[in-house]
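Colleague: What follows is upload15.cif, mmCIF, C-alpha atoms; chains and numbers go by the auth columns.
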data_upload
#
loop_
_atom_site.group_PDB
_atom_site.id
_atom_site.type_symbol
_atom_site.label_atom_id
_atom_site.label_comp_id
_atom_site.label_asym_id
_atom_site.label_seq_id
_atom_site.Cartn_x
_atom_site.Cartn_y
_atom_site.Cartn_z
_atom_site.B_iso_or_equiv
_atom_site.auth_seq_id
_atom_site.auth_asym_id
ATOM 1 C CA MET A 1 -164.565 -81.486 110.453 0.00 1 A
ATOM 2 C CA PHE A 2 -164.991 -79.274 113.507 0.00 2 A
ATOM 3 C CA THR A 3 -168.747 -79.099 112.784 0.00 3 A
ATOM 4 C CA THR A 4 -168.849 -82.871 112.258 0.00 4 A
ATOM 5 C CA SER A 5 -167.281 -83.530 115.657 0.00 5 A
ATOM 6 C CA ILE A 6 -169.827 -81.239 117.360 0.00 6 A
ATOM 7 C CA ILE A 7 -172.758 -83.086 115.722 0.00 7 A
ATOM 8 C CA ALA A 8 -171.248 -86.465 116.494 0.00 8 A
ATOM 9 C CA ARG A 9 -170.785 -85.489 120.140 0.00 9 A
ATOM 10 C CA SER A 10 -174.403 -84.318 120.318 0.00 10 A
ATOM 11 C CA VAL A 11 -175.652 -87.544 118.788 0.00 11 A
ATOM 12 C CA THR A 12 -173.488 -89.567 121.183 0.00 12 A
ATOM 13 C CA GLN A 13 -174.803 -87.643 124.175 0.00 13 A
ATOM 14 C CA ILE A 14 -178.363 -88.708 123.404 0.00 14 A
ATOM 15 C CA GLY A 15 -177.265 -92.327 123.313 0.00 15 A
ATOM 16 C CA ILE A 16 -177.991 -93.183 119.658 0.00 16 A
ATOM 17 C CA LEU A 17 -174.432 -94.142 118.748 0.00 17 A
ATOM 18 C CA ARG A 18 -174.097 -96.220 121.919 0.00 18 A
ATOM 19 C CA SER A 19 -177.168 -98.307 121.221 0.00 19 A
ATOM 20 C CA ARG A 20 -177.029 -101.813 119.817 0.00 20 A
ATOM 21 C CA LEU A 21 -178.316 -100.474 116.522 0.00 21 A
ATOM 22 C CA PHE A 22 -174.901 -98.913 115.951 0.00 22 A
ATOM 23 C CA PRO A 23 -172.086 -101.405 116.367 0.00 23 A
ATOM 24 C CA PRO A 24 -168.523 -99.988 115.983 0.00 24 A
ATOM 25 C CA HIS A 25 -168.283 -100.491 112.223 0.00 25 A
ATOM 26 C CA ALA A 26 -171.706 -98.853 111.728 0.00 26 A
ATOM 27 C CA ARG A 27 -170.720 -95.903 113.899 0.00 27 A
ATOM 28 C CA ARG A 28 -167.599 -95.349 111.762 0.00 28 A
ATOM 29 C CA ALA A 29 -169.671 -95.461 108.556 0.00 29 A
ATOM 30 C CA PHE A 30 -172.240 -93.075 110.017 0.00 30 A
ATOM 31 C CA LEU A 31 -169.585 -90.503 111.023 0.00 31 A
ATOM 32 C CA GLY A 32 -167.983 -90.775 107.579 0.00 32 A
ATOM 33 C CA LEU A 33 -171.350 -90.051 105.965 0.00 33 A
ATOM 34 C CA LEU A 34 -171.837 -87.006 108.192 0.00 34 A
ATOM 35 C CA SER A 35 -168.411 -85.734 107.258 0.00 35 A
ATOM 36 C CA SER A 36 -169.036 -86.068 103.524 0.00 36 A
ATOM 37 C CA LEU A 37 -172.423 -84.358 103.746 0.00 37 A
ATOM 38 C CA LEU A 38 -170.939 -81.417 105.587 0.00 38 A
ATOM 39 C CA VAL A 39 -167.780 -81.006 103.527 0.00 39 A
ATOM 40 C CA VAL A 40 -169.321 -81.293 100.027 0.00 40 A
ATOM 41 C CA PRO A 41 -171.633 -78.264 100.387 0.00 41 A
ATOM 42 C CA ALA A 42 -168.650 -76.149 101.350 0.00 42 A
ATOM 43 C CA PHE A 43 -167.121 -76.782 97.914 0.00 43 A
ATOM 44 C CA ALA A 44 -170.454 -76.576 96.100 0.00 44 A
ATOM 45 C CA SER A 45 -171.329 -73.221 97.609 0.00 45 A
ATOM 46 C CA GLY A 46 -169.110 -71.410 95.149 0.00 46 A
ATOM 47 C CA ASP A 47 -167.334 -69.418 97.840 0.00 47 A
ATOM 48 C CA PRO A 48 -163.985 -68.251 96.474 0.00 48 A
ATOM 49 C CA THR A 49 -160.838 -69.695 97.942 0.00 49 A
ATOM 50 C CA PRO A 50 -159.129 -67.081 100.092 0.00 50 A
ATOM 51 C CA ALA A 51 -156.361 -65.411 98.149 0.00 51 A
ATOM 52 C CA VAL A 52 -152.811 -65.840 99.334 0.00 52 A
ATOM 53 C CA PRO A 53 -151.501 -62.450 100.432 0.00 53 A
ATOM 54 C CA THR A 54 -148.866 -61.087 98.089 0.00 54 A
ATOM 55 C CA ASN A 55 -146.734 -57.990 97.963 0.00 55 A
ATOM 56 C CA ALA A 56 -146.211 -58.089 94.170 0.00 56 A
ATOM 57 C CA ALA A 57 -148.670 -55.273 93.392 0.00 57 A
ATOM 58 C CA SER A 58 -147.381 -53.026 96.154 0.00 58 A
ATOM 59 C CA GLU A 59 -143.776 -53.655 95.127 0.00 59 A
ATOM 60 C CA THR A 60 -144.611 -52.730 91.515 0.00 60 A
ATOM 61 C CA SER A 61 -146.365 -49.509 92.524 0.00 61 A
ATOM 62 C CA LEU A 62 -143.460 -48.570 94.772 0.00 62 A
ATOM 63 C CA SER A 63 -140.908 -49.122 92.016 0.00 63 A
ATOM 64 C CA VAL A 64 -142.955 -47.018 89.569 0.00 64 A
ATOM 65 C CA ALA A 65 -143.337 -44.261 92.167 0.00 65 A
ATOM 66 C CA ALA A 66 -139.598 -44.293 92.869 0.00 66 A
ATOM 67 C CA LEU A 67 -138.796 -44.046 89.170 0.00 67 A
ATOM 68 C CA ALA A 68 -141.256 -41.182 88.678 0.00 68 A
ATOM 69 C CA ALA A 69 -139.741 -39.336 91.635 0.00 69 A
ATOM 70 C CA THR A 70 -136.246 -39.421 90.132 0.00 70 A
ATOM 71 C CA HIS A 71 -136.990 -39.091 86.411 0.00 71 A
ATOM 72 C CA LYS A 72 -136.097 -35.690 84.958 0.00 72 A
ATOM 73 C CA LEU A 73 -138.731 -34.461 82.528 0.00 73 A
ATOM 74 C CA GLU A 74 -137.720 -34.131 78.899 0.00 74 A
ATOM 75 C CA PRO A 75 -139.409 -33.582 75.516 0.00 75 A
ATOM 76 C CA HIS A 76 -142.201 -36.033 74.596 0.00 76 A
ATOM 77 C CA ASP A 77 -142.877 -37.069 78.201 0.00 77 A
ATOM 78 C CA THR A 78 -146.612 -37.485 78.801 0.00 78 A
ATOM 79 C CA LEU A 79 -148.099 -36.434 82.138 0.00 79 A
ATOM 80 C CA SER A 80 -151.407 -36.583 83.929 0.00 80 A
ATOM 81 C CA PHE A 81 -152.261 -33.153 85.386 0.00 81 A
ATOM 82 C CA ARG A 82 -155.002 -32.103 87.794 0.00 82 A
ATOM 83 C CA ILE A 83 -155.798 -29.164 90.063 0.00 83 A
ATOM 84 C CA VAL A 84 -157.878 -30.543 92.932 0.00 84 A
ATOM 85 C CA GLU A 85 -159.674 -27.241 93.542 0.00 85 A
ATOM 86 C CA ASP A 86 -161.116 -27.353 90.012 0.00 86 A
ATOM 87 C CA GLN A 87 -163.198 -30.432 90.856 0.00 87 A
ATOM 88 C CA VAL A 88 -166.734 -29.050 91.139 0.00 88 A
ATOM 89 C CA ASP A 89 -168.595 -32.181 92.226 0.00 89 A
ATOM 90 C CA LEU A 90 -166.601 -34.216 94.736 0.00 90 A
ATOM 91 C CA ARG A 91 -168.898 -37.183 94.118 0.00 91 A
ATOM 92 C CA GLU A 92 -167.747 -37.446 90.510 0.00 92 A
ATOM 93 C CA PRO A 93 -164.414 -39.092 89.674 0.00 93 A
ATOM 94 C CA PRO A 94 -161.734 -36.535 88.771 0.00 94 A
ATOM 95 C CA GLU A 95 -160.764 -36.184 85.126 0.00 95 A
ATOM 96 C CA PRO A 96 -157.082 -35.279 84.810 0.00 96 A
ATOM 97 C CA LYS A 97 -155.744 -33.558 81.724 0.00 97 A
ATOM 98 C CA THR A 98 -153.043 -35.142 79.595 0.00 98 A
ATOM 99 C CA LEU A 99 -150.105 -32.818 78.983 0.00 99 A
ATOM 100 C CA THR A 100 -147.045 -33.493 76.819 0.00 100 A
ATOM 101 C CA VAL A 101 -143.662 -31.854 77.205 0.00 101 A
ATOM 102 C CA SER A 102 -142.894 -29.949 73.993 0.00 102 A
ATOM 103 C CA ASP A 103 -139.661 -30.096 72.024 0.00 103 A
ATOM 104 C CA SER A 104 -138.575 -26.925 73.815 0.00 104 A
ATOM 105 C CA GLY A 105 -139.167 -28.520 77.244 0.00 105 A
ATOM 106 C CA ASP A 106 -142.404 -26.676 78.107 0.00 106 A
ATOM 107 C CA LEU A 107 -145.865 -27.735 79.268 0.00 107 A
ATOM 108 C CA GLU A 108 -149.035 -25.922 78.234 0.00 108 A
ATOM 109 C CA VAL A 109 -150.426 -25.493 81.761 0.00 109 A
ATOM 110 C CA PRO A 110 -154.044 -24.361 82.323 0.00 110 A
ATOM 111 C CA TYR A 111 -154.307 -20.654 83.329 0.00 111 A
ATOM 112 C CA ILE A 112 -150.541 -20.140 83.093 0.00 112 A
ATOM 113 C CA GLY A 113 -149.730 -21.150 79.531 0.00 113 A
ATOM 114 C CA ARG A 114 -146.285 -22.368 78.502 0.00 114 A
ATOM 115 C CA PHE A 115 -144.252 -23.324 81.545 0.00 115 A
ATOM 116 C CA PRO A 116 -140.672 -24.742 81.506 0.00 116 A
ATOM 117 C CA VAL A 117 -140.365 -28.155 83.135 0.00 117 A
ATOM 118 C CA ALA A 118 -137.445 -29.882 81.370 0.00 118 A
ATOM 119 C CA GLY A 119 -134.791 -31.088 83.810 0.00 119 A
ATOM 120 C CA LYS A 120 -137.222 -31.212 86.752 0.00 120 A
ATOM 121 C CA THR A 121 -138.969 -34.192 88.296 0.00 121 A
ATOM 122 C CA SER A 122 -142.764 -34.254 88.098 0.00 122 A
ATOM 123 C CA GLN A 123 -142.890 -33.417 91.824 0.00 123 A
ATOM 124 C CA GLU A 124 -140.589 -30.414 91.397 0.00 124 A
ATOM 125 C CA ALA A 125 -142.565 -29.181 88.402 0.00 125 A
ATOM 126 C CA ALA A 126 -145.850 -29.558 90.312 0.00 126 A
ATOM 127 C CA ALA A 127 -144.449 -27.490 93.195 0.00 127 A
ATOM 128 C CA ASP A 128 -143.333 -24.717 90.819 0.00 128 A
ATOM 129 C CA ILE A 129 -146.684 -24.694 89.022 0.00 129 A
ATOM 130 C CA LYS A 130 -148.501 -24.562 92.367 0.00 130 A
ATOM 131 C CA SER A 131 -146.450 -21.503 93.348 0.00 131 A
ATOM 132 C CA GLN A 132 -147.287 -19.741 90.090 0.00 132 A
ATOM 133 C CA LEU A 133 -151.001 -20.525 90.349 0.00 133 A
ATOM 134 C CA GLU A 134 -151.189 -19.178 93.897 0.00 134 A
ATOM 135 C CA LYS A 135 -149.659 -15.858 92.858 0.00 135 A
ATOM 136 C CA LYS A 136 -152.644 -14.888 90.750 0.00 136 A
ATOM 137 C CA TYR A 137 -155.347 -17.528 90.311 0.00 137 A
ATOM 138 C CA TYR A 138 -155.761 -19.485 93.580 0.00 138 A
ATOM 139 C CA TYR A 139 -155.556 -18.824 97.278 0.00 139 A
ATOM 140 C CA THR A 140 -154.443 -22.442 97.663 0.00 140 A
ATOM 141 C CA ALA A 141 -153.741 -24.773 94.744 0.00 141 A
ATOM 142 C CA THR A 142 -153.275 -28.522 95.053 0.00 142 A
ATOM 143 C CA VAL A 143 -151.470 -29.671 91.920 0.00 143 A
ATOM 144 C CA LEU A 144 -151.278 -33.395 91.187 0.00 144 A
ATOM 145 C CA MET A 145 -148.951 -34.449 88.395 0.00 145 A
ATOM 146 C CA SER A 146 -147.703 -37.891 87.434 0.00 146 A
ATOM 147 C CA ILE A 147 -145.679 -39.095 84.483 0.00 147 A
ATOM 148 C CA ASP A 148 -146.955 -41.842 82.241 0.00 148 A
ATOM 149 C CA LEU A 149 -143.779 -43.911 82.039 0.00 149 A
ATOM 150 C CA LYS A 150 -145.322 -46.422 79.638 0.00 150 A
ATOM 151 C CA ALA A 151 -145.995 -43.760 77.034 0.00 151 A
ATOM 152 C CA LYS A 152 -142.550 -42.197 77.327 0.00 152 A
ATOM 153 C CA THR A 153 -140.337 -42.187 74.235 0.00 153 A
ATOM 154 C CA ARG A 154 -137.039 -40.496 73.417 0.00 154 A
ATOM 155 C CA GLY A 155 -138.166 -39.478 69.974 0.00 155 A
ATOM 156 C CA ALA A 156 -137.981 -41.465 66.749 0.00 156 A
ATOM 157 C CA CYS A 157 -135.683 -42.656 64.010 0.00 157 A
ATOM 158 C CA TYR A 158 -136.603 -43.207 60.368 0.00 158 A
ATOM 159 C CA ILE A 159 -136.041 -46.299 58.252 0.00 159 A
ATOM 160 C CA SER A 160 -136.373 -46.714 54.491 0.00 160 A
ATOM 161 C CA GLY A 161 -135.206 -48.936 51.673 0.00 161 A
ATOM 162 C CA GLN A 162 -135.453 -52.722 51.629 0.00 162 A
ATOM 163 C CA VAL A 163 -137.503 -53.301 54.786 0.00 163 A
ATOM 164 C CA ARG A 164 -141.108 -54.422 54.911 0.00 164 A
ATOM 165 C CA LEU A 165 -142.446 -51.385 56.784 0.00 165 A
ATOM 166 C CA THR A 166 -140.777 -48.057 56.058 0.00 166 A
ATOM 167 C CA GLY A 167 -141.355 -44.977 58.190 0.00 167 A
ATOM 168 C CA SER A 168 -140.669 -43.827 61.742 0.00 168 A
ATOM 169 C CA VAL A 169 -139.718 -46.120 64.610 0.00 169 A
ATOM 170 C CA ASP A 170 -140.176 -44.840 68.180 0.00 170 A
ATOM 171 C CA LEU A 171 -137.193 -44.916 70.512 0.00 171 A
ATOM 172 C CA PRO A 172 -138.532 -46.177 73.870 0.00 172 A
ATOM 173 C CA GLY A 173 -137.317 -44.408 76.959 0.00 173 A
ATOM 174 C CA ASP A 174 -136.631 -47.618 78.868 0.00 174 A
ATOM 175 C CA GLU A 175 -134.785 -49.542 76.152 0.00 175 A
ATOM 176 C CA ALA A 176 -131.606 -49.065 74.120 0.00 176 A
ATOM 177 C CA LEU A 177 -132.682 -49.453 70.495 0.00 177 A
ATOM 178 C CA THR A 178 -130.059 -50.551 67.978 0.00 178 A
ATOM 179 C CA VAL A 179 -130.012 -50.625 64.176 0.00 179 A
ATOM 180 C CA SER A 180 -130.801 -54.348 64.078 0.00 180 A
ATOM 181 C CA LYS A 181 -133.731 -53.954 66.494 0.00 181 A
ATOM 182 C CA ALA A 182 -135.113 -51.094 64.398 0.00 182 A
ATOM 183 C CA VAL A 183 -135.018 -53.342 61.328 0.00 183 A
ATOM 184 C CA VAL A 184 -136.928 -56.027 63.233 0.00 184 A
ATOM 185 C CA ARG A 185 -139.565 -53.468 64.278 0.00 185 A
ATOM 186 C CA ALA A 186 -139.839 -52.438 60.638 0.00 186 A
ATOM 187 C CA GLY A 187 -140.901 -55.977 59.745 0.00 187 A
ATOM 188 C CA GLY A 188 -137.444 -57.255 58.817 0.00 188 A
ATOM 189 C CA PHE A 189 -135.515 -57.234 55.575 0.00 189 A
ATOM 190 C CA THR A 190 -137.036 -57.867 52.167 0.00 190 A
ATOM 191 C CA ASP A 191 -135.585 -60.595 49.957 0.00 191 A
ATOM 192 C CA TYR A 192 -133.514 -58.013 48.067 0.00 192 A
ATOM 193 C CA ALA A 193 -131.943 -56.288 51.075 0.00 193 A
ATOM 194 C CA ASP A 194 -128.203 -55.751 51.258 0.00 194 A
ATOM 195 C CA LYS A 195 -127.560 -56.525 54.933 0.00 195 A
ATOM 196 C CA ARG A 196 -123.846 -55.780 54.669 0.00 196 A
ATOM 197 C CA HIS A 197 -124.142 -52.110 53.717 0.00 197 A
ATOM 198 C CA VAL A 198 -126.915 -50.653 55.877 0.00 198 A
ATOM 199 C CA ARG A 199 -126.403 -46.903 56.131 0.00 199 A
ATOM 200 C CA LEU A 200 -127.009 -44.952 59.307 0.00 200 A
ATOM 201 C CA THR A 201 -127.140 -41.168 58.881 0.00 201 A
ATOM 202 C CA ARG A 202 -126.877 -39.020 61.992 0.00 202 A
ATOM 203 C CA ARG A 203 -127.714 -35.344 61.957 0.00 203 A
ATOM 204 C CA ALA A 204 -125.080 -32.754 62.752 0.00 204 A
ATOM 205 C CA ASP A 205 -124.302 -31.758 66.320 0.00 205 A
ATOM 206 C CA GLY A 206 -124.224 -28.063 65.453 0.00 206 A
ATOM 207 C CA PRO A 207 -125.823 -25.736 62.888 0.00 207 A
ATOM 208 C CA ASN A 208 -122.696 -25.556 60.738 0.00 208 A
ATOM 209 C CA GLN A 209 -121.651 -29.171 61.111 0.00 209 A
ATOM 210 C CA PRO A 210 -122.306 -31.766 58.381 0.00 210 A
ATOM 211 C CA SER A 211 -124.285 -34.900 59.090 0.00 211 A
ATOM 212 C CA LYS A 212 -122.350 -38.149 59.111 0.00 212 A
ATOM 213 C CA THR A 213 -123.147 -41.509 57.558 0.00 213 A
ATOM 214 C CA ILE A 214 -121.942 -44.822 58.984 0.00 214 A
ATOM 215 C CA THR A 215 -122.111 -48.170 57.192 0.00 215 A
ATOM 216 C CA VAL A 216 -123.282 -51.029 59.419 0.00 216 A
ATOM 217 C CA ASP A 217 -122.734 -54.687 58.494 0.00 217 A
ATOM 218 C CA LEU A 218 -125.848 -56.283 59.974 0.00 218 A
ATOM 219 C CA SER A 219 -125.005 -59.686 58.475 0.00 219 A
ATOM 220 C CA LYS A 220 -122.291 -60.027 61.133 0.00 220 A
ATOM 221 C CA VAL A 221 -124.777 -59.056 63.842 0.00 221 A
ATOM 222 C CA ILE A 222 -127.592 -61.330 62.699 0.00 222 A
ATOM 223 C CA GLU A 223 -125.715 -64.305 61.263 0.00 223 A
ATOM 224 C CA GLU A 224 -122.552 -64.311 63.358 0.00 224 A
ATOM 225 C CA GLY A 225 -123.809 -62.780 66.604 0.00 225 A
ATOM 226 C CA LYS A 226 -121.212 -59.995 66.636 0.00 226 A
ATOM 227 C CA THR A 227 -123.245 -57.441 68.558 0.00 227 A
ATOM 228 C CA ASP A 228 -120.304 -55.029 68.758 0.00 228 A
ATOM 229 C CA HIS A 229 -120.981 -54.191 65.087 0.00 229 A
ATOM 230 C CA ASP A 230 -124.482 -52.990 66.015 0.00 230 A
ATOM 231 C CA LEU A 231 -124.982 -49.303 66.800 0.00 231 A
ATOM 232 C CA LEU A 232 -127.219 -47.550 69.306 0.00 232 A
ATOM 233 C CA LEU A 233 -129.738 -45.192 67.758 0.00 233 A
ATOM 234 C CA GLU A 234 -130.349 -41.582 68.683 0.00 234 A
ATOM 235 C CA PRO A 235 -133.428 -39.424 68.022 0.00 235 A
ATOM 236 C CA GLY A 236 -133.470 -38.171 64.450 0.00 236 A
ATOM 237 C CA ASP A 237 -131.275 -40.955 63.036 0.00 237 A
ATOM 238 C CA SER A 238 -132.080 -42.247 59.549 0.00 238 A
ATOM 239 C CA ILE A 239 -131.514 -45.838 58.427 0.00 239 A
ATOM 240 C CA PHE A 240 -131.378 -46.830 54.787 0.00 240 A
ATOM 241 C CA VAL A 241 -131.231 -50.451 53.665 0.00 241 A
ATOM 242 C CA PRO A 242 -129.999 -50.632 50.054 0.00 242 A
ATOM 243 C CA SER A 243 -130.758 -53.312 47.493 0.00 243 A
ATOM 244 C CA LYS A 244 -128.137 -55.978 46.931 0.00 244 A
ATOM 245 C CA LEU A 245 -126.572 -56.158 43.493 0.00 245 A
ATOM 246 C CA LEU A 246 -128.012 -58.983 41.415 0.00 246 A
ATOM 247 C CA SER A 247 -125.781 -60.782 38.981 0.00 247 A
ATOM 248 C CA PHE A 248 -127.155 -62.991 36.256 0.00 248 A
#
Translate the structure described by the file into structure tokens.
Modeller:
Amino acid sequence: MFTTSIIARSVTQIGILRSRLFPPHARRAFLGLLSSLLVVPAFASGDPTPAVPTNAASETSLSVAALAATHKLEPHDTLSFRIVEDQVDLREPPEPKTLTVSDSGDLEVPYIGRFPVAGKTSQEAAADIKSQLEKKYYYTATVLMSIDLKAKTRGACYISGQVRLTGSVDLPGDEALTVSKAVVRAGGFTDYADKRHVRLTRRADGPNQPSKTITVDLSKVIEEGKTDHDLLLEPGDSIFVPSKLLSF
């Protein structure tokens, strides 16, 4: 519309719109035509509409960074690891290594070998690894390490018996998994499942302690909504869903 007013003013200045050929109603129609001719190409040009600024992406990255800064490394954590000085061609994108914390809490670090990191944040572990590298292998080492929070699990439990998919079920690090949720992830019960006598076996706390088995009535959880009967799972737990007794 700003461009339209400039053109209209120019046309008026040369006296065309003031002539008898352009009475008031004709002048209005002429200006409307100019406006439509100038506005339509702007939409037809295919220029993208300016995006509305948003802080959603930055807020997400900040929350992930904050979580990574406070998370203490533990077995099965997956990390991205890179030593900046190892990048030969600065024009090529860096290729970080993927390292996984072992069951004993160690990382297999390049040049150093097994290095304990359990109980440390990724930043603390990177600082310790940097110090070790600079003792023998580097004059200055820039160690970049970040945890892959999406891939993090707390281990696994095992489910068998009358479920559709038997085998291991991962325990996610950011979610409390219960017996009923594990059954759902195993495809649900079969038609012959005894929901009232699901057995949860938990391994012993010590080398000389016996494992314990708990019976869970999932019919009360699923059919009656009594979630207090559900149990939280721990790594190494085993779930067995027996067959219900059939009477003829």
Colleague: Using all atoms listed in the file, give me every residue within 6 Å of (-139.4, -33.6, 80.6) in file coordinates, as a PDB file with C-alpha atoms, keeping the file's coordinate frame.
Modeller:
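Heads up, here's the output in point.pdb:
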ATOM      1  CA  LYS A  72    -136.097 -35.690  84.958  1.00  0.00           C
ATOM      2  CA  LEU A  73    -138.731 -34.461  82.528  1.00  0.00           C
ATOM      3  CA  GLU A  74    -137.720 -34.131  78.899  1.00  0.00           C
ATOM      4  CA  PRO A  75    -139.409 -33.582  75.516  1.00  0.00           C
ATOM      5  CA  ASP A  77    -142.877 -37.069  78.201  1.00  0.00           C
ATOM      6  CA  VAL A 101    -143.662 -31.854  77.205  1.00  0.00           C
ATOM      7  CA  ALA A 118    -137.445 -29.882  81.370  1.00  0.00           C
TER       8      ALA A 118
END
Colleague: Report as a ChimeraX atom specification the full result of the PyMOL selection byres ((chain A and resi 223-239) around 10) when it is applied to this structure.
Modeller: /A:153-161,166-171,176-183,198-203,213-222,240-242
Colleague: Could you work out how far CA of Ala141 (chain A) lies from CA of Ala69 (chain A), giving the answer in Å with one decimal?
Modeller: 20.4 Å
Colleague: Which protein, DNA or RNA residues have an atom at most 12 Å from (-144.5, -31.6, 77.0), counting all atoms listed in the file? List them as JSON, numbers by chain.
Modeller: {"A": [73, 74, 75, 76, 77, 78, 79, 80, 81, 98, 99, 100, 101, 102, 103, 104, 105, 106, 107, 108, 109, 113, 114, 115, 116, 117, 118, 119, 122, 125, 147, 148, 152, 153]}
Colleague: Could the residues in this selection be written to a file with C-alpha atoms, as a PDB file, in the frame of the given file?
Modeller:
ATOM      1  CA  LEU A  73    -138.731 -34.461  82.528  1.00  0.00           C
ATOM      2  CA  GLU A  74    -137.720 -34.131  78.899  1.00  0.00           C
ATOM      3  CA  PRO A  75    -139.409 -33.582  75.516  1.00  0.00           C
ATOM      4  CA  HIS A  76    -142.201 -36.033  74.596  1.00  0.00           C
ATOM      5  CA  ASP A  77    -142.877 -37.069  78.201  1.00  0.00           C
ATOM      6  CA  THR A  78    -146.612 -37.485  78.801  1.00  0.00           C
ATOM      7  CA  LEU A  79    -148.099 -36.434  82.138  1.00  0.00           C
ATOM      8  CA  SER A  80    -151.407 -36.583  83.929  1.00  0.00           C
ATOM      9  CA  PHE A  81    -152.261 -33.153  85.386  1.00  0.00           C
ATOM     10  CA  THR A  98    -153.043 -35.142  79.595  1.00  0.00           C
ATOM     11  CA  LEU A  99    -150.105 -32.818  78.983  1.00  0.00           C
ATOM     12  CA  THR A 100    -147.045 -33.493  76.819  1.00  0.00           C
ATOM     13  CA  VAL A 101    -143.662 -31.854  77.205  1.00  0.00           C
ATOM     14  CA  SER A 102    -142.894 -29.949  73.993  1.00  0.00           C
ATOM     15  CA  ASP A 103    -139.661 -30.096  72.024  1.00  0.00           C
ATOM     16  CA  SER A 104    -138.575 -26.925  73.815  1.00  0.00           C
ATOM     17  CA  GLY A 105    -139.167 -28.520  77.244  1.00  0.00           C
ATOM     18  CA  ASP A 106    -142.404 -26.676  78.107  1.00  0.00           C
ATOM     19  CA  LEU A 107    -145.865 -27.735  79.268  1.00  0.00           C
ATOM     20  CA  GLU A 108    -149.035 -25.922  78.234  1.00  0.00           C
ATOM     21  CA  VAL A 109    -150.426 -25.493  81.761  1.00  0.00           C
ATOM     22  CA  GLY A 113    -149.730 -21.150  79.531  1.00  0.00           C
ATOM     23  CA  ARG A 114    -146.285 -22.368  78.502  1.00  0.00           C
ATOM     24  CA  PHE A 115    -144.252 -23.324  81.545  1.00  0.00           C
ATOM     25  CA  PRO A 116    -140.672 -24.742  81.506  1.00  0.00           C
ATOM     26  CA  VAL A 117    -140.365 -28.155  83.135  1.00  0.00           C
ATOM     27  CA  ALA A 118    -137.445 -29.882  81.370  1.00  0.00           C
ATOM     28  CA  GLY A 119    -134.791 -31.088  83.810  1.00  0.00           C
ATOM     29  CA  SER A 122    -142.764 -34.254  88.098  1.00  0.00           C
ATOM     30  CA  ALA A 125    -142.565 -29.181  88.402  1.00  0.00           C
ATOM     31  CA  ILE A 147    -145.679 -39.095  84.483  1.00  0.00           C
ATOM     32  CA  ASP A 148    -146.955 -41.842  82.241  1.00  0.00           C
ATOM     33  CA  LYS A 152    -142.550 -42.197  77.327  1.00  0.00           C
ATOM     34  CA  THR A 153    -140.337 -42.187  74.235  1.00  0.00           C
TER      35      THR A 153
END
Colleague: Which distance in Å separates CA of Val143 (chain A) and CA of Val88 (chain A), to one decimal?
Modeller: 15.3 Å
Colleague: Suppose you want the space between CA of Thr70 (chain A) and CA of Lys130 (chain A); what is it in Å?
Modeller: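 CA of Lys130 (chain A) lies 19.4 Å from CA of Thr70 (chain A).
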Colleague: Using all atoms listed in the file, pick whichever of A:Pro172, A:Ile112, A:Ser211, A:Gln162 has the shortest atom-to-atom distance to Lys195 (chain A).
Modeller: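 Checking each of A:Pro172, A:Ile112, A:Ser211, A:Gln162 against Lys195 (chain A), counting all atoms listed in the file, the winner is A:Gln162.
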Colleague: Ranking A:Lys212, A:Arg164, A:Lys136, A:Lys244 by minimum distance to Ala193 (chain A) and counting only C-alpha atoms, which one comes first?
Modeller: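 Between A:Lys212, A:Arg164, A:Lys136, A:Lys244, the residue approaching Ala193 (chain A) most closely is A:Lys244.
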Colleague: Restricting the calculation to all atoms listed in the file: of A:Ile83, A:Leu245, A:Ala204, A:Ala186, which residue gets closest to Leu144 (chain A)?
Modeller: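 That would be A:Ile83, the residue with the smallest distance to Leu144 (chain A).
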Colleague: For each of A:Thr140, A:Thr190, A:Ser131, A:Ser146, take the minimum atom-to-atom distance to Val84 (chain A), counting only C-alpha atoms, then give the residue where this is smallest.
Modeller: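 Smallest separation from Val84 (chain A) among the options: A:Thr140.
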Colleague: Counting all atoms listed in the file, figure out which residue out of A:Glu95, A:Pro207, A:Tyr137, A:Phe189 gets nearest to Arg82 (chain A).
Modeller: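 For Arg82 (chain A), the nearest of the given residues is A:Glu95.
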Colleague: Will you model N, CA and C atoms for region 134-140 of chain A and pass it back as a PDB file, keeping the file's coordinate frame?
Modeller:
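Listing of rebuild05.pdb after writing:
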ATOM      1  N   GLU A 134    -150.774 -19.865  92.675  1.00  0.00           N
ATOM      2  CA  GLU A 134    -151.189 -19.178  93.897  1.00  0.00           C
ATOM      3  C   GLU A 134    -150.816 -17.694  93.896  1.00  0.00           C
ATOM      4  N   LYS A 135    -149.995 -17.281  92.961  1.00  0.00           N
ATOM      5  CA  LYS A 135    -149.659 -15.858  92.858  1.00  0.00           C
ATOM      6  C   LYS A 135    -150.824 -15.039  92.304  1.00  0.00           C
ATOM      7  N   LYS A 136    -151.628 -15.681  91.445  1.00  0.00           N
ATOM      8  CA  LYS A 136    -152.644 -14.888  90.750  1.00  0.00           C
ATOM      9  C   LYS A 136    -154.023 -15.544  90.706  1.00  0.00           C
ATOM     10  N   TYR A 137    -154.080 -16.876  90.625  1.00  0.00           N
ATOM     11  CA  TYR A 137    -155.347 -17.528  90.311  1.00  0.00           C
ATOM     12  C   TYR A 137    -155.996 -18.252  91.494  1.00  0.00           C
ATOM     13  N   TYR A 138    -155.223 -18.700  92.471  1.00  0.00           N
ATOM     14  CA  TYR A 138    -155.761 -19.485  93.580  1.00  0.00           C
ATOM     15  C   TYR A 138    -155.207 -18.971  94.902  1.00  0.00           C
ATOM     16  N   TYR A 139    -156.057 -19.075  95.927  1.00  0.00           N
ATOM     17  CA  TYR A 139    -155.556 -18.824  97.278  1.00  0.00           C
ATOM     18  C   TYR A 139    -154.688 -20.006  97.704  1.00  0.00           C
ATOM     19  N   THR A 140    -155.210 -21.215  97.446  1.00  0.00           N
ATOM     20  CA  THR A 140    -154.443 -22.442  97.663  1.00  0.00           C
ATOM     21  C   THR A 140    -154.685 -23.357  96.471  1.00  0.00           C
TER      22      THR A 140
END
